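Working notes, beginning with the structure itself.
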Amino acid sequence: MEPPSPEVPPGGLQEEQRVLVSAHSWRPCPKTRRRLRGCLELVKRQLFRVGEDWYFLFVLGVLMALISFMMDLIVFRLYEAHRWLYQEVGDYLVLKYLSWTIYPVAMAAFSTGFSQSITPHSGGSGIPELKTILTGVVLEEYLAIKNFGAKVVGLTCTLACGSTIFLGKVGPFVHLSAMAAAYLGKMRTSVTREYEDKFKQNEMLVAAQAVGVATVFGAPISGVLFSIEVMSSHFAVRDYWRGFFAATCGAFMFRLLAVFNSEQETIAAIFKSDLKIDFPFDLPETFFFMILGKPLYSALVVLLLASITFPPGLGQLMASRLSMKEHLISLFDNRTWGVLAQNASVPPAVPGDPRRLWQEWSHPSATIFGTLAFFLLMKFWMLTLATTLPLPAGYFMPIFIYGAAIGRLIGEAVALLFPHGLRVEATTHPIVPGGYALAGAAAFSGAVTHSISTALLVCEATGHLAHVLPVVLAVLVANAISQKCQPSFYDGTIIVKKLPYLPRIRSRHMASYRVVVEEFMDRRVVAVAKGDGFEEVLAALSATTDGEFAVVESAGSPTLVGTVSRARLVAFLQSHEHPRAPPGPLQEKPASVGTVGDDCAIEPVMLQLSPWTSLHQAHHLFELLKLQHIFVTRYGQLVGAVTRAELRRAIEELANPK
């Protein structure tokens with residue numbers, strides 16, 4: 001006789017039926033489905049035989065190129081709509097002023113409100129936060145997918161304001177590439193079914209930095225060098241090919257889309273220049289090129305953005321009707337503006353004609369030198385003021401244009417001093433002010449970011465290599481001065497935002513070799529012993545909020561044997577039947593008695609410091625391995641710990657002795 005079946009409540013019966021239906025649901029053609037699944041697995045093995053990184057890096061480059069191109073296209077349409085509105089209102093001064101001011105104000109207000117309503121981390125360029133993440137600090141909210149959407153929309157509206165607000169695209173796009181890489185990394189783990197550790201994530205982020213620059217300027221080599229110089233304190237050679245491959249795919253796709261959209265007949269430079277390459281510069285001119293680097297260090301604190309300028313007012317002295325791209329094209333003009341301005345028969349400017357853009361810098365009541373000097377003077381304080389705007393904005397492009405204006409001013413001055421050119425060995429060669437603009441753009445942006453790759457960036461972006469030697473000289477002089485005086489713009493932003501980023505130890509601080517870990521380590525380390533039970537573990541968890549605890553042999557013998565995470569210790573408490581045990585999942589057989597050594601998985605300690613390790617060595621290890629903390633042992637016994645906070649305080653005390 002069968003035992004009576006237990007009564008099943010109606011809800012339980014429905015749940016059981018639902019499970020049975022799911023388990024025995026109709027699945028037709030089982031052989032076909034197995035063959036199809038086998039074919040997919042075969043294709044996957046064949047594709048990933050050369051390594052799955054190739055495919056995801058290719059997707060990253062192409063994806064960011066598509067986003068960059070579509071963003072430029074939308075921004076161009078919006079900017080042209082603003083121009084059309086300004087021209088259609090007629091000669092009514094009040095209407096022209098309202099059309100010129102309300103449009104960018106509305107765009108900036110929407111950009112700020114939209115991005116900040118989704119996430120407050122979408123403002124600014126994102127490069128300081130990304131630099132902090134690459135040192136090993138976890139800032140997950142800056143790589144969230146919602147931040148990606150907020151930044152794309154906000155940046156598009158910000159760029160649509162045009163040169164009146166003087167915003168750039170490079171920094172935010174590097175941040176967007178990093179967010180896309182983080183999301184693709186999660187997709188990669190789901191496809192390959194492999195665990196993605198922090199080293200693999202870091203490799204994708206490093207490649208994303210190069211892609212961000214490459215898909216803005218179409219310059220893959222400069223993108224890789226930028227990611228090495230500006231973003232990384234240490235660069236692994238194994239990441240080199242990833243950066244170059246992804247950046248090349250992105251730059252090629254970005255330029256190819258311009259051809260498909262009939263913007264260009266073939267793949268060409270983004271910022272076209274007509275600089276002559278027969279004899280671009282003379283040897284005595286290198287002195288003037290090197291001068292470009294000297295006044296730049298005082299402008300490192302210049303931050304980017306601009307207030308609204310009205311063309312019939314002061315804007316007519318600042319070429320305010322030009323877009324960001326048109327600013328660069330005009331400043332890189334091969335001709336001497338001082339000579340062109342003297343020609344009274346010059347026809348009026350035609351919109352969109354790159355050969356007539358220089359006329360925006362010409363005014364009847366001021367000389368070319370006056371308009372360039374006024375532009376530099378006004379943009380200096382306006383950019384500094386506008387950095388307080390909490391909207392997605394890039395700061396590299398305005399700095400780039402500002403440096404080009406400095407170079408153009410010096411080039412026009414040299415052309416005025418030597419109207420017939422410099423005479424060397426009975427041969428006279430004319431002065432090319434556009435070459436000075438190239439050097440000025442590279443030197444100023446290089447001084448602000450503490451990078452040398454800007455010298456190559458101007459060559460890749462313009463397709464002009466003849467001035468590479470004077471450009472490099474200007475960049476080297478500018479970097480020598482700026483690095484001597486203060487940190488880079490991005491490091492300064494990190495300091496202002498108080499991000500957990502390790503400051504660099506300058507080479508002149510030789511005392512860093514004499515300061516040892518014992519002098520600044522934290523001696524109050526909360527550790528647990530292998531034989532500790534419930535009460536000891538509870539006391540340790542209550543004493544600190546650390547995420548990882550040192551495990552010693554015993555309280556009487558503090559020999560370091562490993563580490564255990566806070567989550568494992570909490571699970572250890574939850575497994576006990578104790579009135580003070582924290583709530584957790586029910587255990588089938590709770591352990592009434594247990595120790596850390598028996599019930600917790602203890603991770604081995606791969607690296608530890610000696611009390612006599614120098615500050616310089618400890619700093620190098622933290623940067624190289626992206627450490628958050630490390631234990632200090634003397635003859636195997638735990639004596640302290642060093643975190644980023646102690647290391648940062650030690651470096652600051654070294655740099656600012658009392």
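Labeling convention for the structure tokens: chains A, B, ... as they appear, residues from 1 per chain, ligands from 1 in order of appearance.
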- [ ] Please identify all polymer residues within 8 Å of Met253 (chain A), counting only C-alpha atoms, omitting same-chain residues fewer than 3 positions from it, and present them as a PyMOL selection string.
- [x] chain A and resi 61-62+65-66+249-250+256-257
List as a tab-separated table every residue of region 364-399 of chain A that is in contact with region 157-177 of chain A, defined as an atom at most 9 Å from one of its atoms (using only C-alpha atoms), together with the nearest atom pair and the distance in Å rounded to one decimal, sorted by chain and then rising number.
```
residue	atom	partner	partner_atom	distance
A:Lys379	CA	A:Phe166	CA	8.9
A:Leu383	CA	A:Phe166	CA	7.9
A:Ala386	CA	A:Ile165	CA	8.1
A:Leu391	CA	A:Thr158	CA	7.6
A:Pro392	CA	A:Pro172	CA	6.6
A:Ala393	CA	A:Leu167	CA	5.9
A:Gly394	CA	A:Gly168	CA	4.2
A:Tyr395	CA	A:Gly168	CA	5.6
A:Phe396	CA	A:Val170	CA	6.2
A:Met397	CA	A:Gly168	CA	4.8
A:Pro398	CA	A:Phe166	CA	6.1
A:Ile399	CA	A:Gly168	CA	8.9
```
Would you save the residues of that selection, restricted to N, CA, C and O atoms, as a compact mmCIF listing (two decimals), in the first residue's frame?
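Contents of again.txt, as written:
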```txt
# COMPACT_ATOMS: atom_id res chain seq x y z
N LYS A 379 40.30 84.81 -24.37
CA LYS A 379 40.11 83.39 -24.15
C LYS A 379 40.80 82.91 -22.88
O LYS A 379 40.36 81.93 -22.26
N LEU A 383 38.12 81.04 -20.59
CA LEU A 383 38.26 79.59 -20.44
C LEU A 383 38.39 79.20 -18.98
O LEU A 383 37.83 78.20 -18.53
N ALA A 386 34.91 79.40 -17.41
CA ALA A 386 33.94 78.44 -17.91
C ALA A 386 34.19 77.01 -17.43
O ALA A 386 33.35 76.14 -17.65
N LEU A 391 29.11 70.14 -17.16
CA LEU A 391 28.58 69.43 -18.33
C LEU A 391 29.71 68.65 -18.99
O LEU A 391 30.88 68.95 -18.78
N PRO A 392 29.38 67.63 -19.77
CA PRO A 392 30.44 66.88 -20.46
C PRO A 392 31.21 67.77 -21.41
O PRO A 392 30.63 68.39 -22.31
N ALA A 393 32.49 67.87 -21.22
CA ALA A 393 33.30 68.79 -22.03
C ALA A 393 34.72 68.29 -22.10
O ALA A 393 35.24 67.71 -21.15
N GLY A 394 35.34 68.54 -23.23
CA GLY A 394 36.75 68.20 -23.42
C GLY A 394 37.59 69.46 -23.37
O GLY A 394 37.17 70.53 -23.83
N TYR A 395 38.77 69.34 -22.85
CA TYR A 395 39.65 70.49 -22.64
C TYR A 395 40.87 70.47 -23.55
O TYR A 395 41.65 71.41 -23.52
N PHE A 396 41.05 69.43 -24.33
CA PHE A 396 42.24 69.35 -25.16
C PHE A 396 42.12 70.23 -26.41
O PHE A 396 43.07 70.95 -26.75
N MET A 397 41.01 70.18 -27.09
CA MET A 397 40.86 70.94 -28.33
C MET A 397 40.96 72.45 -28.12
O MET A 397 41.64 73.13 -28.91
N PRO A 398 40.33 73.04 -27.11
CA PRO A 398 40.53 74.47 -26.89
C PRO A 398 41.99 74.83 -26.61
O PRO A 398 42.48 75.86 -27.09
N ILE A 399 42.69 73.99 -25.87
CA ILE A 399 44.11 74.23 -25.62
C ILE A 399 44.89 74.14 -26.94
O ILE A 399 45.81 74.92 -27.20
```
Open item on the list: I'd like the contact shell of Pro354 (chain A) - 8 Å cut-off, only C-alpha atoms, skipping same-chain residues fewer than 2 positions apart - returned as a PyMOL selection string.
Closed with: chain A and resi 326+329-330+352+356-357
TODO: Identify all residues of region 28-277 of chain A in alpha helix (DSSP H) (DSSP on the backbone) and supply them as a PyMOL selection string.
DONE: chain A and resi 30-47+53-88+93-118+127-134+145-160+170-192+198-217+220-226+240-260
Task: Among the residues A:Ile401, A:Leu317, A:Leu184, A:Leu134, the one that comes closest to Ala366 (chain A) [using only C-alpha atoms] - done: A:Leu317
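For Ala550 (chain A), the non-local neighbours within 10 Å, defined as residues at least 4 positions apart in the same chain or in other chains and counting only C-alpha atoms, are Val525, Val526, Ala527, Val528, Ala529, Pro558, Thr559, Leu560, Val561, Gly562, Thr563, Val564, Ser565, Ile602, Glu603, Val605, Ile630, Phe631, Leu638 and Ala641 of chain A.
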TODO: Pick out the residues sitting within 8 Å of Ala182 (chain A), and hand them over as a VMD selection string; count only C-alpha atoms, and ignore anything fewer than 5 positions along from it in its own chain.
DONE: chain A and resid 143 201 204 to 205
At a cut-off of 9 Å, using only C-alpha atoms, what residues contact Met521 (chain A)? Leave out same-chain residues fewer than 4 positions from it and give the result as an mmCIF file with all heavy atoms, in the first residue's frame.
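Saved file around.cif follows:
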```cif
data_model
loop_
_atom_site.group_PDB
_atom_site.id
_atom_site.type_symbol
_atom_site.label_atom_id
_atom_site.label_comp_id
_atom_site.auth_asym_id
_atom_site.auth_seq_id
_atom_site.Cartn_x
_atom_site.Cartn_y
_atom_site.Cartn_z
ATOM 1 N N VAL A 517 59.851 52.320 4.880
ATOM 2 C CA VAL A 517 58.458 51.998 5.169
ATOM 3 C C VAL A 517 58.167 52.067 6.666
ATOM 4 O O VAL A 517 57.070 52.463 7.090
ATOM 5 C CB VAL A 517 58.123 50.603 4.603
ATOM 6 C CG1 VAL A 517 56.792 50.091 5.131
ATOM 7 C CG2 VAL A 517 58.111 50.642 3.082
ATOM 8 N N PRO A 611 60.235 46.308 6.567
ATOM 9 C CA PRO A 611 60.268 47.648 7.179
ATOM 10 C C PRO A 611 61.373 48.533 6.631
ATOM 11 O O PRO A 611 61.302 49.759 6.767
ATOM 12 C CB PRO A 611 60.480 47.340 8.669
ATOM 13 C CG PRO A 611 60.045 45.926 8.847
ATOM 14 C CD PRO A 611 60.350 45.235 7.567
ATOM 15 N N VAL A 632 53.323 44.559 5.881
ATOM 16 C CA VAL A 632 54.745 44.693 6.185
ATOM 17 C C VAL A 632 55.119 43.631 7.216
ATOM 18 O O VAL A 632 54.442 43.498 8.244
ATOM 19 C CB VAL A 632 55.069 46.102 6.729
ATOM 20 C CG1 VAL A 632 56.567 46.253 6.966
ATOM 21 C CG2 VAL A 632 54.569 47.176 5.773
ATOM 22 N N GLY A 640 52.936 45.584 10.411
ATOM 23 C CA GLY A 640 52.218 46.766 9.957
ATOM 24 C C GLY A 640 51.652 46.579 8.567
ATOM 25 O O GLY A 640 51.693 45.486 7.990
ATOM 26 N N ALA A 641 51.125 47.661 8.024
ATOM 27 C CA ALA A 641 50.545 47.665 6.675
ATOM 28 C C ALA A 641 50.708 49.054 6.086
ATOM 29 O O ALA A 641 50.800 50.054 6.804
ATOM 30 C CB ALA A 641 49.077 47.255 6.702
ATOM 31 N N VAL A 642 50.754 49.096 4.758
ATOM 32 C CA VAL A 642 50.859 50.361 4.029
ATOM 33 C C VAL A 642 49.714 50.413 3.027
ATOM 34 O O VAL A 642 49.536 49.494 2.226
ATOM 35 C CB VAL A 642 52.209 50.491 3.299
ATOM 36 C CG1 VAL A 642 52.239 51.759 2.454
ATOM 37 C CG2 VAL A 642 53.356 50.492 4.287
ATOM 38 N N THR A 643 48.931 51.490 3.089
ATOM 39 C CA THR A 643 47.876 51.726 2.120
ATOM 40 C C THR A 643 48.228 52.957 1.291
ATOM 41 O O THR A 643 49.240 53.621 1.536
ATOM 42 C CB THR A 643 46.520 51.939 2.821
ATOM 43 O OG1 THR A 643 46.588 53.133 3.612
ATOM 44 C CG2 THR A 643 46.180 50.759 3.718
ATOM 45 N N GLU A 646 48.662 56.191 3.525
ATOM 46 C CA GLU A 646 49.969 56.402 4.173
ATOM 47 C C GLU A 646 51.037 56.770 3.152
ATOM 48 O O GLU A 646 51.878 57.635 3.406
ATOM 49 C CB GLU A 646 50.403 55.148 4.929
ATOM 50 C CG GLU A 646 49.654 54.886 6.221
ATOM 51 C CD GLU A 646 48.384 54.110 6.004
ATOM 52 O OE1 GLU A 646 48.303 53.421 4.960
ATOM 53 O OE2 GLU A 646 47.465 54.208 6.833
ATOM 54 N N LEU A 647 51.003 56.120 1.998
ATOM 55 C CA LEU A 647 52.007 56.411 0.972
ATOM 56 C C LEU A 647 51.852 57.837 0.453
ATOM 57 O O LEU A 647 52.853 58.545 0.246
ATOM 58 C CB LEU A 647 51.860 55.403 -0.170
ATOM 59 C CG LEU A 647 53.050 55.261 -1.124
ATOM 60 C CD1 LEU A 647 54.288 54.812 -0.378
ATOM 61 C CD2 LEU A 647 52.726 54.287 -2.242
#
```
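Interatomic distance, CA of Lys498 (chain A) against CA of Val216 (chain A): 28.9 Å.
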Task: Residues within 9 Å of region 82-85 of chain A, only C-alpha atoms, excluding chain neighbours under 2 positions, as a ChimeraX atom specification - done: /A:77-80,87-89,96,99-100,103-104,160-161,321
